[in-house]
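A.B. asks: Okay, handing you the structure first.
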Amino acid sequence: CEARRPARREAAGRLGPLAEQDAARWDRALAEEAEAHLAAAARAGQPGRFQLAAAIQSAHAARTVMGGTPWGAIATLYESLLRIAPSAGALLGRAAAVAEARGPAEGRALLDAMAPDVPPNWQPYWAVRAHLLARLGAADAAAEAYGRAIGLSSEPGERAFLQERLAMLHGAAIRTT
């Protein structure tokens, strides 16, 4: 995860989501070191939460050699992580990965299932929800979720990214009407 830090922000400070990051900007030496540690941990044969979290990061980084992100594997790793160390972050990550692997409707169903337990001011939930609603074509609901995510974000680059996505959503809605 740390190896991707150089690509997390664009020149103007705007958030660069993982799927849009220029992998050439990632720190290759740090990524290789992390892979060596992950391989050593795997040889021990007793996966724990940190090893599974590292494996999720490794799978994301694998797109540089695989030509695409192995979303099904990432979803499976999140499911394993949830069995060992359940958390809201792992539930959210699984929903996002499932949405990529199996479609936004399945990801949204997982978000809906976790909604009663989500603090109302948890910004990452609203950002992922907005993204999935937009992919499902639910423009009004997506705009509401983007607005909530923007309002809950105090980080300028993150807010700029979310505002851009909201503007794109409004542009798409205008073009279709």
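For the structure tokens, the naming scheme is as follows: chains receive sequential letters (A, B, ...) according to their order of presentation, residues are indexed from 1 within each chain, and ligands are indexed from 1 in presentation order.
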Need to verify the contact set: Ala3 (chain A), 8 Å, only C-alpha atoms, exclusion of same-chain residues closer than 5 positions in sequence. Can you return it as a VMD selection string?
C.D. replies: chain A and resid 26 to 28 30 to 31
A.B. asks: List as JSON lines every residue of region 60-134 of chain A that is in contact with region 140-159 of chain A, defined as an atom at most 9 Å from one of its atoms (using only C-alpha atoms), together with the nearest atom pair and the distance in Å rounded to one decimal, sorted by chain and then rising number.
C.D. replies:
```
{"residue": "A:Asn121", "atom": "CA", "partner": "A:Leu152", "partner_atom": "CA", "distance": 6.5}
{"residue": "A:Trp122", "atom": "CA", "partner": "A:Leu152", "partner_atom": "CA", "distance": 7.5}
{"residue": "A:Gln123", "atom": "CA", "partner": "A:Ala149", "partner_atom": "CA", "distance": 5.1}
{"residue": "A:Pro124", "atom": "CA", "partner": "A:Ala149", "partner_atom": "CA", "distance": 7.3}
{"residue": "A:Tyr125", "atom": "CA", "partner": "A:Ala149", "partner_atom": "CA", "distance": 8.0}
{"residue": "A:Trp126", "atom": "CA", "partner": "A:Ala149", "partner_atom": "CA", "distance": 5.1}
{"residue": "A:Ala127", "atom": "CA", "partner": "A:Ala149", "partner_atom": "CA", "distance": 5.3}
{"residue": "A:Val128", "atom": "CA", "partner": "A:Ala145", "partner_atom": "CA", "distance": 8.8}
{"residue": "A:Arg129", "atom": "CA", "partner": "A:Ala145", "partner_atom": "CA", "distance": 6.5}
{"residue": "A:Ala130", "atom": "CA", "partner": "A:Ala142", "partner_atom": "CA", "distance": 4.4}
{"residue": "A:His131", "atom": "CA", "partner": "A:Ala142", "partner_atom": "CA", "distance": 6.9}
{"residue": "A:Leu132", "atom": "CA", "partner": "A:Ala142", "partner_atom": "CA", "distance": 7.7}
{"residue": "A:Leu133", "atom": "CA", "partner": "A:Ala142", "partner_atom": "CA", "distance": 4.9}
{"residue": "A:Ala134", "atom": "CA", "partner": "A:Ala142", "partner_atom": "CA", "distance": 5.2}
```
A.B. asks: Kindly export the residues of the current selection with all heavy atoms, as a compact mmCIF listing (two decimals), in the first residue's frame.
C.D. replies:
```txt
# COMPACT_ATOMS: atom_id res chain seq x y z
N ASN A 121 -21.87 9.31 9.77
CA ASN A 121 -20.86 10.25 9.29
C ASN A 121 -19.60 9.56 8.77
O ASN A 121 -18.54 10.17 8.70
CB ASN A 121 -20.49 11.23 10.41
CG ASN A 121 -19.90 10.54 11.62
OD1 ASN A 121 -20.01 9.32 11.75
ND2 ASN A 121 -19.30 11.30 12.51
N TRP A 122 -19.70 8.29 8.38
CA TRP A 122 -18.55 7.56 7.87
C TRP A 122 -18.42 7.82 6.37
O TRP A 122 -19.09 7.22 5.55
CB TRP A 122 -18.66 6.07 8.17
CG TRP A 122 -17.39 5.32 7.93
CD1 TRP A 122 -16.12 5.74 8.18
CD2 TRP A 122 -17.28 4.01 7.39
NE1 TRP A 122 -15.21 4.76 7.84
CE2 TRP A 122 -15.90 3.69 7.35
CE3 TRP A 122 -18.19 3.07 6.95
CZ2 TRP A 122 -15.42 2.48 6.87
CZ3 TRP A 122 -17.72 1.86 6.49
CH2 TRP A 122 -16.34 1.57 6.46
N GLN A 123 -17.57 8.74 6.02
CA GLN A 123 -17.42 9.21 4.65
C GLN A 123 -17.11 8.11 3.64
O GLN A 123 -17.69 8.11 2.56
CB GLN A 123 -16.36 10.33 4.62
CG GLN A 123 -16.24 11.05 3.30
CD GLN A 123 -15.29 10.36 2.33
OE1 GLN A 123 -14.54 9.47 2.68
NE2 GLN A 123 -15.35 10.80 1.10
N PRO A 124 -16.21 7.16 3.91
CA PRO A 124 -15.91 6.15 2.89
C PRO A 124 -17.15 5.37 2.43
O PRO A 124 -17.29 5.03 1.26
CB PRO A 124 -14.89 5.23 3.57
CG PRO A 124 -14.23 6.11 4.58
CD PRO A 124 -15.32 7.02 5.08
N TYR A 125 -18.06 5.10 3.37
CA TYR A 125 -19.29 4.39 3.01
C TYR A 125 -20.07 5.19 1.97
O TYR A 125 -20.53 4.64 0.96
CB TYR A 125 -20.15 4.15 4.26
CG TYR A 125 -21.52 3.61 3.95
CD1 TYR A 125 -21.70 2.25 3.76
CD2 TYR A 125 -22.62 4.45 3.83
CE1 TYR A 125 -22.97 1.74 3.45
CE2 TYR A 125 -23.87 3.96 3.54
CZ TYR A 125 -24.04 2.60 3.34
OH TYR A 125 -25.29 2.10 3.03
N TRP A 126 -20.22 6.48 2.21
CA TRP A 126 -21.01 7.31 1.30
C TRP A 126 -20.34 7.48 -0.05
O TRP A 126 -21.00 7.53 -1.09
CB TRP A 126 -21.33 8.66 1.96
CG TRP A 126 -22.25 8.44 3.11
CD1 TRP A 126 -21.94 8.44 4.44
CD2 TRP A 126 -23.63 8.10 3.03
NE1 TRP A 126 -23.04 8.13 5.19
CE2 TRP A 126 -24.10 7.92 4.36
CE3 TRP A 126 -24.52 7.93 1.98
CZ2 TRP A 126 -25.41 7.58 4.64
CZ3 TRP A 126 -25.84 7.59 2.26
CH2 TRP A 126 -26.27 7.42 3.58
N ALA A 127 -19.02 7.51 -0.07
CA ALA A 127 -18.30 7.62 -1.34
C ALA A 127 -18.48 6.36 -2.18
O ALA A 127 -18.77 6.44 -3.38
CB ALA A 127 -16.82 7.90 -1.09
N VAL A 128 -18.35 5.19 -1.55
CA VAL A 128 -18.53 3.94 -2.28
C VAL A 128 -19.99 3.79 -2.71
O VAL A 128 -20.29 3.40 -3.85
CB VAL A 128 -18.07 2.73 -1.44
CG1 VAL A 128 -18.46 1.41 -2.10
CG2 VAL A 128 -16.57 2.79 -1.21
N ARG A 129 -20.91 4.14 -1.83
CA ARG A 129 -22.33 4.06 -2.17
C ARG A 129 -22.65 4.95 -3.37
O ARG A 129 -23.35 4.53 -4.30
CB ARG A 129 -23.17 4.45 -0.96
CG ARG A 129 -24.65 4.29 -1.19
CD ARG A 129 -25.44 4.42 0.11
NE ARG A 129 -26.80 4.03 -0.10
CZ ARG A 129 -27.24 2.78 -0.16
NH1 ARG A 129 -26.40 1.78 -0.01
NH2 ARG A 129 -28.51 2.51 -0.37
N ALA A 130 -22.13 6.16 -3.38
CA ALA A 130 -22.36 7.08 -4.50
C ALA A 130 -21.84 6.47 -5.80
O ALA A 130 -22.52 6.50 -6.83
CB ALA A 130 -21.68 8.42 -4.22
N HIS A 131 -20.64 5.92 -5.76
CA HIS A 131 -20.04 5.32 -6.95
C HIS A 131 -20.91 4.18 -7.48
O HIS A 131 -21.17 4.10 -8.69
CB HIS A 131 -18.63 4.82 -6.59
CG HIS A 131 -17.97 4.07 -7.69
ND1 HIS A 131 -17.54 4.67 -8.85
CD2 HIS A 131 -17.68 2.75 -7.82
CE1 HIS A 131 -17.00 3.75 -9.64
NE2 HIS A 131 -17.08 2.58 -9.04
N LEU A 132 -21.36 3.31 -6.60
CA LEU A 132 -22.17 2.17 -7.05
C LEU A 132 -23.54 2.61 -7.55
O LEU A 132 -24.03 2.09 -8.57
CB LEU A 132 -22.31 1.13 -5.93
CG LEU A 132 -21.01 0.47 -5.49
CD1 LEU A 132 -21.29 -0.63 -4.48
CD2 LEU A 132 -20.23 -0.07 -6.67
N LEU A 133 -24.15 3.57 -6.88
CA LEU A 133 -25.44 4.08 -7.36
C LEU A 133 -25.29 4.72 -8.73
O LEU A 133 -26.15 4.54 -9.60
CB LEU A 133 -26.02 5.07 -6.35
CG LEU A 133 -26.53 4.44 -5.05
CD1 LEU A 133 -26.79 5.53 -4.01
CD2 LEU A 133 -27.78 3.61 -5.30
N ALA A 134 -24.20 5.45 -8.94
CA ALA A 134 -23.96 6.05 -10.26
C ALA A 134 -23.81 4.97 -11.31
O ALA A 134 -24.37 5.09 -12.41
CB ALA A 134 -22.72 6.95 -10.21
```
A.B. asks: Counting only C-alpha atoms, which residue out of A:Arg102, A:Arg4, A:Arg14, A:Arg63 sits closest to Gln163 (chain A)?
C.D. replies: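 Distance minimum relative to Gln163 (chain A) lands on A:Arg14.
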A.B. asks: Pick out the residues sitting within 12 Å of Leu136 (chain A), and hand them over as a PyMOL selection string; count only C-alpha atoms, and ignore anything fewer than 6 positions along from it in its own chain.
C.D. replies: chain A and resi 99+103-109+129-130+142+169
A.B. asks: Keeping only C-alpha atoms, take the residues you just selected and write them out as a PDB file, in the first residue's frame.
C.D. replies:
```
ATOM      1  CA  ALA A  99     -19.161  -4.761  -7.222  1.00  0.00           C
ATOM      2  CA  GLY A 103     -21.534  -6.137 -10.733  1.00  0.00           C
ATOM      3  CA  PRO A 104     -22.653  -3.021  -8.881  1.00  0.00           C
ATOM      4  CA  ALA A 105     -26.001  -4.520  -7.852  1.00  0.00           C
ATOM      5  CA  GLU A 106     -24.289  -7.208  -5.767  1.00  0.00           C
ATOM      6  CA  GLY A 107     -21.950  -4.628  -4.244  1.00  0.00           C
ATOM      7  CA  ARG A 108     -24.885  -2.372  -3.411  1.00  0.00           C
ATOM      8  CA  ALA A 109     -26.718  -5.284  -1.766  1.00  0.00           C
ATOM      9  CA  ARG A 129     -22.327   4.060  -2.170  1.00  0.00           C
ATOM     10  CA  ALA A 130     -22.359   7.077  -4.500  1.00  0.00           C
ATOM     11  CA  ALA A 142     -25.973   8.877  -6.325  1.00  0.00           C
ATOM     12  CA  LEU A 169     -22.901  12.571 -12.839  1.00  0.00           C
TER      13      LEU A 169
END
```
A.B. asks: Going by DSSP on the backbone, which residues of chain A come out as alpha helix (DSSP H)? List them as an NGL selection string.
C.D. replies: :A and (28-44 or 49-61 or 63-66 or 71-84 or 88-102 or 104-114 or 123-135 or 139-152 or 156-176)
A.B. asks: Within 10 Å of Ile56 (chain A), counting only C-alpha atoms, which residues qualify if same-chain residues fewer than 2 places away don't, as a list of chain:residue names?
C.D. replies: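 Here the qualifying residues turn out to be A:Cys1, A:Phe50, A:Gln51, A:Leu52, A:Ala53, A:Ala54, A:Ser58, A:Ala59, A:His60, A:Ala61, A:Ala62, A:Pro70, A:Trp71, A:Ala73, A:Ile74, A:Ala75, A:Thr76, A:Leu77, A:Tyr78, A:Leu81, A:Gly93.
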A.B. asks: Can I get the selected residues back with C-alpha atoms, as a PDB file, in the first residue's frame?
C.D. replies:
```
ATOM      1  CA  CYS A   1       0.000   0.000   0.000  1.00  0.00           C
ATOM      2  CA  PHE A  50      -2.268  -8.562   8.507  1.00  0.00           C
ATOM      3  CA  GLN A  51      -1.217 -11.187   5.988  1.00  0.00           C
ATOM      4  CA  LEU A  52      -4.669 -11.120   4.385  1.00  0.00           C
ATOM      5  CA  ALA A  53      -4.646  -7.318   4.272  1.00  0.00           C
ATOM      6  CA  ALA A  54      -1.211  -7.463   2.647  1.00  0.00           C
ATOM      7  CA  SER A  58      -0.626  -7.367  -3.418  1.00  0.00           C
ATOM      8  CA  ALA A  59      -3.587  -8.370  -5.579  1.00  0.00           C
ATOM      9  CA  HIS A  60      -4.265  -4.707  -6.344  1.00  0.00           C
ATOM     10  CA  ALA A  61      -0.642  -4.246  -7.338  1.00  0.00           C
ATOM     11  CA  ALA A  62      -0.788  -7.361  -9.525  1.00  0.00           C
ATOM     12  CA  PRO A  70      -8.138  -9.663 -10.061  1.00  0.00           C
ATOM     13  CA  TRP A  71     -11.356  -8.490  -8.431  1.00  0.00           C
ATOM     14  CA  ALA A  73      -9.537 -12.869  -5.824  1.00  0.00           C
ATOM     15  CA  ILE A  74      -9.729  -9.595  -3.910  1.00  0.00           C
ATOM     16  CA  ALA A  75     -13.350 -10.276  -2.964  1.00  0.00           C
ATOM     17  CA  THR A  76     -12.366 -13.759  -1.755  1.00  0.00           C
ATOM     18  CA  LEU A  77      -9.486 -12.329   0.292  1.00  0.00           C
ATOM     19  CA  TYR A  78     -11.883  -9.840   1.924  1.00  0.00           C
ATOM     20  CA  LEU A  81     -10.365 -11.383   6.295  1.00  0.00           C
ATOM     21  CA  GLY A  93     -13.772  -3.271   0.865  1.00  0.00           C
TER      22      GLY A  93
END
```
A.B. asks: Name the residues in contact with region 40-49 of chain A at a cut-off of 10 Å, using only C-alpha atoms, excluding same-chain residues fewer than 6 positions from it; report them as a VMD selection string.
C.D. replies: chain A and resid 34 55 78 80 to 86
A.B. asks: Select, from A:Ala139, A:Ala12, A:Ala39, A:Val65, the residue with the minimum atom-to-atom distance to Arg165 (chain A), counting only C-alpha atoms.
C.D. replies: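 Residue with the minimum atom-to-atom distance to Arg165 (chain A): A:Ala139.
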